[in-house]
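Engineer: Dropping in upload-v9.txt, with compact mmCIF, C-alpha atoms (C1' of nucleotides).
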```txt
# COMPACT_ATOMS: atom_id res chain seq x y z
CA MET A 5 0.00 0.00 0.00
CA ASN A 6 2.61 2.55 1.10
CA ARG A 7 5.59 2.77 3.43
CA VAL A 8 4.63 5.81 5.49
CA ARG A 9 4.22 3.86 8.73
CA GLU A 10 7.54 2.10 8.25
CA TYR A 11 9.43 5.33 7.67
CA ARG A 12 7.58 7.16 10.45
CA LYS A 13 8.46 4.46 12.97
CA ASN A 14 12.07 4.44 11.86
CA ARG A 15 12.17 8.10 12.81
CA GLY A 16 10.54 7.46 16.19
CA LEU A 17 7.55 9.67 15.41
CA SER A 18 3.94 9.16 16.49
CA GLN A 19 1.13 9.73 13.99
CA PHE A 20 0.37 12.92 15.87
CA ALA A 21 3.96 14.17 15.72
CA LEU A 22 4.24 13.48 12.00
CA ALA A 23 0.86 15.10 11.37
CA GLU A 24 1.98 18.25 13.16
CA LYS A 25 5.21 18.39 11.18
CA VAL A 26 3.43 18.19 7.84
CA GLY A 27 0.52 20.37 8.97
CA VAL A 28 -2.41 17.95 8.78
CA ALA A 29 -4.68 16.28 11.33
CA ARG A 30 -3.60 13.08 13.05
CA GLN A 31 -6.57 11.26 11.52
CA THR A 32 -5.29 12.12 8.08
CA VAL A 33 -1.97 10.37 8.72
CA ASN A 34 -3.83 7.43 10.22
CA LEU A 35 -6.09 7.03 7.19
CA ILE A 36 -3.21 7.31 4.74
CA GLU A 37 -1.17 4.70 6.60
CA ASN A 38 -4.15 2.36 6.54
CA GLY A 39 -4.82 2.94 2.85
CA LYS A 40 -8.26 4.36 3.50
CA TYR A 41 -7.65 7.18 1.13
CA ASN A 42 -5.78 8.85 -1.52
CA PRO A 43 -3.64 11.81 -0.37
CA SER A 44 -2.88 14.86 -2.47
CA LEU A 45 0.46 15.21 -4.23
CA LYS A 46 1.46 18.12 -2.00
CA LEU A 47 0.86 16.07 1.10
CA CYS A 48 2.80 13.13 -0.35
CA ILE A 49 5.72 15.47 -1.01
CA SER A 50 5.55 16.93 2.51
CA LEU A 51 5.53 13.43 3.99
CA ALA A 52 8.48 12.34 1.87
CA GLU A 53 10.50 15.40 2.82
CA GLU A 54 9.69 15.10 6.49
CA LEU A 55 10.59 11.41 6.47
CA GLY A 56 13.85 12.03 4.65
CA THR A 57 12.90 10.07 1.57
CA ASP A 58 11.12 10.56 -1.77
CA LEU A 59 7.89 9.83 -3.60
CA ASN A 60 8.97 6.62 -5.26
CA THR A 61 10.21 5.12 -2.01
CA LEU A 62 7.03 5.88 -0.08
CA PHE A 63 4.38 5.34 -2.73
CA TRP A 64 5.64 3.70 -5.91
CA LYS A 65 4.83 0.02 -6.39
CA VAL A 66 5.36 -0.95 -2.79
CA ASP A 67 6.19 -4.62 -2.40
CA GLU A 68 3.46 -5.99 -0.13
CA THR A 69 5.17 -9.33 0.41
CA LYS A 70 7.89 -7.78 2.56
CA MET B 3 6.29 22.54 -11.40
CA ASN B 4 6.02 19.11 -12.98
CA ARG B 5 7.03 17.32 -16.16
CA VAL B 6 3.68 15.94 -17.31
CA ARG B 7 3.51 18.11 -20.43
CA GLU B 8 7.05 17.22 -21.42
CA TYR B 9 6.44 13.48 -21.10
CA ARG B 10 3.03 13.68 -22.74
CA LYS B 11 4.43 15.47 -25.78
CA ASN B 12 7.29 13.01 -26.05
CA ARG B 13 4.64 10.33 -26.43
CA GLY B 14 2.74 12.33 -29.05
CA LEU B 15 -0.42 12.49 -26.96
CA SER B 16 -2.90 15.35 -26.74
CA GLN B 17 -4.25 16.39 -23.34
CA PHE B 18 -7.49 14.73 -24.35
CA ALA B 19 -5.81 11.45 -25.32
CA LEU B 20 -3.85 11.31 -22.07
CA ALA B 21 -6.95 12.19 -20.06
CA GLU B 22 -8.87 9.34 -21.67
CA LYS B 23 -6.08 6.88 -20.98
CA VAL B 24 -5.95 7.73 -17.28
CA GLY B 25 -9.71 8.13 -16.97
CA VAL B 26 -10.07 11.81 -16.11
CA ALA B 27 -11.44 14.86 -17.89
CA ARG B 28 -9.27 16.79 -20.31
CA GLN B 29 -9.55 19.86 -18.09
CA THR B 30 -7.99 17.94 -15.25
CA VAL B 31 -4.86 17.21 -17.28
CA ASN B 32 -4.75 20.82 -18.42
CA LEU B 33 -4.93 22.17 -14.87
CA ILE B 34 -2.27 19.78 -13.61
CA GLU B 35 0.12 20.67 -16.43
CA ASN B 36 -0.37 24.36 -15.66
CA GLY B 37 0.13 23.87 -11.92
CA LYS B 38 -3.35 25.12 -11.09
CA TYR B 39 -3.87 22.32 -8.66
CA ASN B 40 -2.78 19.47 -6.65
CA PRO B 41 -3.69 16.05 -8.05
CA SER B 42 -4.38 12.95 -5.99
CA LEU B 43 -1.73 10.29 -5.52
CA LYS B 44 -3.73 7.77 -7.53
CA LEU B 45 -3.91 10.10 -10.47
CA CYS B 46 -0.18 10.84 -10.24
CA ILE B 47 0.51 7.11 -10.32
CA SER B 48 -1.80 6.60 -13.31
CA LEU B 49 -0.09 9.44 -15.16
CA ALA B 50 3.37 8.06 -14.41
CA GLU B 51 2.40 4.57 -15.55
CA GLU B 52 0.74 5.83 -18.72
CA LEU B 53 3.75 8.01 -19.55
CA GLY B 54 6.19 5.18 -18.92
CA THR B 55 7.93 6.84 -16.03
CA ASP B 56 7.60 7.19 -12.24
CA LEU B 57 6.54 9.58 -9.50
CA ASN B 58 9.94 11.07 -8.80
CA THR B 59 10.59 11.83 -12.46
CA LEU B 60 7.28 13.57 -13.01
CA PHE B 61 6.76 15.31 -9.68
CA TRP B 62 9.82 15.29 -7.41
CA LYS B 63 11.82 18.50 -7.20
CA VAL B 64 11.51 19.37 -10.85
CA ASP B 65 14.35 21.59 -12.03
CA GLU B 66 12.59 24.69 -13.39
CA THR B 67 15.76 26.09 -14.95
CA LYS B 68 15.79 23.42 -17.64
C1' DT C 21 -9.34 30.59 -47.09
C1' DC C 22 -12.14 26.73 -44.41
C1' DC C 23 -12.11 22.78 -41.37
C1' DT C 24 -10.33 20.28 -37.55
C1' DT C 25 -7.57 19.63 -33.51
C1' DT C 26 -5.59 21.36 -29.56
C1' DT C 27 -5.39 24.20 -25.72
C1' DG C 28 -6.87 27.54 -22.14
C1' DT C 29 -10.57 29.02 -19.55
C1' DC C 30 -15.16 29.73 -17.48
C1' DA C 31 -19.44 28.37 -14.57
C1' DC C 32 -21.61 25.07 -12.11
C1' DA C 33 -22.19 20.42 -9.94
C1' DT C 34 -20.44 16.37 -7.41
C1' DA C 35 -17.16 13.39 -5.02
C1' DT C 36 -13.82 13.06 -1.77
C1' DA C 37 -9.70 14.71 0.97
C1' DT C 38 -9.09 16.83 5.18
C1' DA C 39 -10.50 19.03 9.81
C1' DT C 40 -12.64 18.70 14.23
C1' DG C 41 -14.40 16.55 18.15
C1' DT C 42 -15.08 12.43 20.44
C1' DC C 43 -14.74 7.61 22.24
C1' DA C 44 -12.68 2.87 23.04
C1' DT C 45 -8.72 0.02 23.24
C1' DT C 46 -4.06 -1.14 23.98
C1' DA C 47 0.66 -0.63 25.73
C1' DA C 48 3.92 1.36 28.69
C1' DC C 49 5.07 2.98 32.95
C1' DA C 50 4.56 5.06 37.73
C1' DT D 21 -3.49 -0.71 40.24
C1' DG D 22 -3.96 4.32 37.93
C1' DT D 23 -2.36 7.37 34.36
C1' DT D 24 -0.77 8.73 30.05
C1' DA D 25 0.40 8.13 25.13
C1' DA D 26 -0.68 6.02 20.87
C1' DT D 27 -3.79 4.16 17.70
C1' DG D 28 -8.20 3.03 15.25
C1' DA D 29 -12.55 4.48 14.41
C1' DC D 30 -16.90 7.24 14.06
C1' DA D 31 -19.97 11.48 12.85
C1' DT D 32 -20.25 15.79 10.95
C1' DA D 33 -18.50 19.90 8.52
C1' DT D 34 -15.60 22.30 5.06
C1' DA D 35 -12.28 22.78 1.32
C1' DT D 36 -10.91 21.33 -2.91
C1' DA D 37 -10.13 17.84 -6.71
C1' DT D 38 -12.57 16.39 -10.51
C1' DG D 39 -16.59 16.18 -13.95
C1' DT D 40 -19.53 18.33 -17.43
C1' DG D 41 -20.74 21.53 -20.80
C1' DA D 42 -19.48 25.32 -23.23
C1' DC D 43 -16.77 29.01 -25.63
C1' DA D 44 -12.75 31.36 -27.84
C1' DA D 45 -8.19 31.47 -29.71
C1' DA D 46 -4.33 29.43 -32.01
C1' DA D 47 -2.19 26.13 -35.21
C1' DG D 48 -2.11 22.87 -39.10
C1' DG D 49 -3.68 20.81 -43.15
C1' DA D 50 -7.04 20.60 -47.15
```
Let me see whether you can do it: turn the structure in this file into structure tokens.
Structural biologist:
Amino acid sequence: MNRVREYRKNRGLSQFALAEKVGVARQTVNLIENGKYNPSLKLCISLAEELGTDLNTLFWKVDETK
Amino acid sequence: MNRVREYRKNRGLSQFALAEKVGVARQTVNLIENGKYNPSLKLCISLAEELGTDLNTLFWKVDETK
DNA sequence: TCCTTTTGTCACATATATATGTCATTAACA
DNA sequence: TGTTAATGACATATATATGTGACAAAAGGA
């Protein structure tokens, strides 16, 4: 689905802390991590920057078997 | 801003043709190419797949000086 | 010239991303 | 035990992405 949770945990951030850093509500991060919806490009870019990675790593053809 | 127009033209597609392929309205492609809004992740992925490229290439830190 | 395609733009409608407030559950820790 | 932090989930409201229909301007080909 995506690797937001994985990268967030690697940075020791809670959903709330990450949400604050990228300027959205905690529920928004929760729903994205659980694949319940489809974030905007701007938010994807903010998440990638805040997590020290890039769009492809977080969202491009994530290998679900890992 | 992004490189959708560049990749679309390289493939010889009109905005309408690309819009049909990814299942959105022509106006949506037009607005994205002109940076007038902020597409959803799913649409970004569809565009990247249809244009034979990936998220980072189309949308990540595009060098405007080119 | 004329005809067609492409592009930019407008107004209006609809779907959905996101916010806000709240509650329940679990884990960690005093 | 009790308390706090973290997470998942719900209802409702708002902002905005996207659709639809239309028009004008520019470019290319007959």
Engineer: Could you list, as a ChimeraX atom specification, the residues of chain B having an atom within 7 Å of chain A when counting only C-alpha atoms?
Structural biologist: /B:40-44,57-58,62
Engineer: Store the residues picked out above, limited to C-alpha atoms, as a compact mmCIF listing (two decimals), in the coordinates of the input.
Structural biologist:
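As a result, selection_11.txt now contains:
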```txt
# COMPACT_ATOMS: atom_id res chain seq x y z
CA ASN B 40 -2.78 19.47 -6.65
CA PRO B 41 -3.69 16.05 -8.05
CA SER B 42 -4.38 12.95 -5.99
CA LEU B 43 -1.73 10.29 -5.52
CA LYS B 44 -3.73 7.77 -7.53
CA LEU B 57 6.54 9.58 -9.50
CA ASN B 58 9.94 11.07 -8.80
CA TRP B 62 9.82 15.29 -7.41
```
Engineer: Tell me as a list in words which residues belonging to chain C come within 10 Å of chain A, counting all atoms listed in the file.
Structural biologist: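 The selection requested is DT36, DA37, DT38, DA39 and DT40 of chain C.
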Engineer: How many Å separate CA of Glu37 (chain A) from CA of Ala21 (chain B)?
Structural biologist: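 These atoms are spaced 28.3 Å apart.
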Engineer: Using all atoms listed in the file, determine which residues lie at most 12 Å from DA31 (chain C), disregarding the query and same-chain residues fewer than 5 positions distant; provide the list as an mmCIF file with C-alpha atoms (C1' of nucleotides), in the frame of the given file.
Structural biologist:
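Now in out_14.cif:
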```
data_model
loop_
_atom_site.group_PDB
_atom_site.id
_atom_site.type_symbol
_atom_site.label_atom_id
_atom_site.label_comp_id
_atom_site.auth_asym_id
_atom_site.auth_seq_id
_atom_site.Cartn_x
_atom_site.Cartn_y
_atom_site.Cartn_z
ATOM 1 C "C1'" DT D 40 -19.530 18.330 -17.430
ATOM 2 C "C1'" DG D 41 -20.740 21.530 -20.800
ATOM 3 C "C1'" DA D 42 -19.480 25.320 -23.230
ATOM 4 C "C1'" DC D 43 -16.770 29.010 -25.630
#
```
Engineer: Could I get the residues of chain D with an atom no further than 12 Å from an atom of chain A, each paired with its nearest atom pair and that distance in Å to one decimal, using all atoms listed in the file, sorted by chain and residue number, as a Markdown table?
Structural biologist:
```
| residue | atom | partner | partner_atom | distance |
| --- | --- | --- | --- | --- |
| D:DA25 | C1' | A:Ser18 | CA | 9.4 |
| D:DA26 | C1' | A:Ser18 | CA | 7.1 |
| D:DT27 | C1' | A:Asn34 | CA | 8.2 |
| D:DG28 | C1' | A:Asn34 | CA | 8.0 |
| D:DA29 | C1' | A:Gln31 | CA | 9.5 |
| D:DC30 | C1' | A:Gln31 | CA | 11.4 |
| D:DT36 | C1' | A:Ser44 | CA | 10.3 |
| D:DA37 | C1' | A:Ser44 | CA | 8.9 |
```
Engineer: Tell me, in Å to one decimal, how far CA of Leu60 (chain B) is from CA of Lys38 (chain B).
Structural biologist: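 If I compute the distance from CA of Leu60 (chain B) to CA of Lys38 (chain B), I get 15.8 Å.
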Engineer: Find the residue from C:DC22, C:DA35, C:DT29, C:DA50 that sits nearest to DT21 (chain D); use only C-alpha atoms (C1' of nucleotides) when measuring.
Structural biologist: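 Looking only at the distances to DT21 (chain D), the closest residue turns out to be C:DA50.
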Engineer: Hey, which of B:Val64, B:Glu22, B:Ile34, B:Glu51 ends up closest to Met3 (chain B)? Count all atoms listed in the file.
Structural biologist: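 Among the listed residues, the smallest separation from Met3 (chain B) belongs to B:Val64.
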Engineer: Mind checking which residues fall within 12 Å of region 15-17 of chain A, counting only C-alpha atoms (C1' of nucleotides), ignoring those fewer than 4 positions away in the same chain, and posting them as a ChimeraX atom specification?
Structural biologist: /A:8-11,21-25,30,33,54-57 /D:26
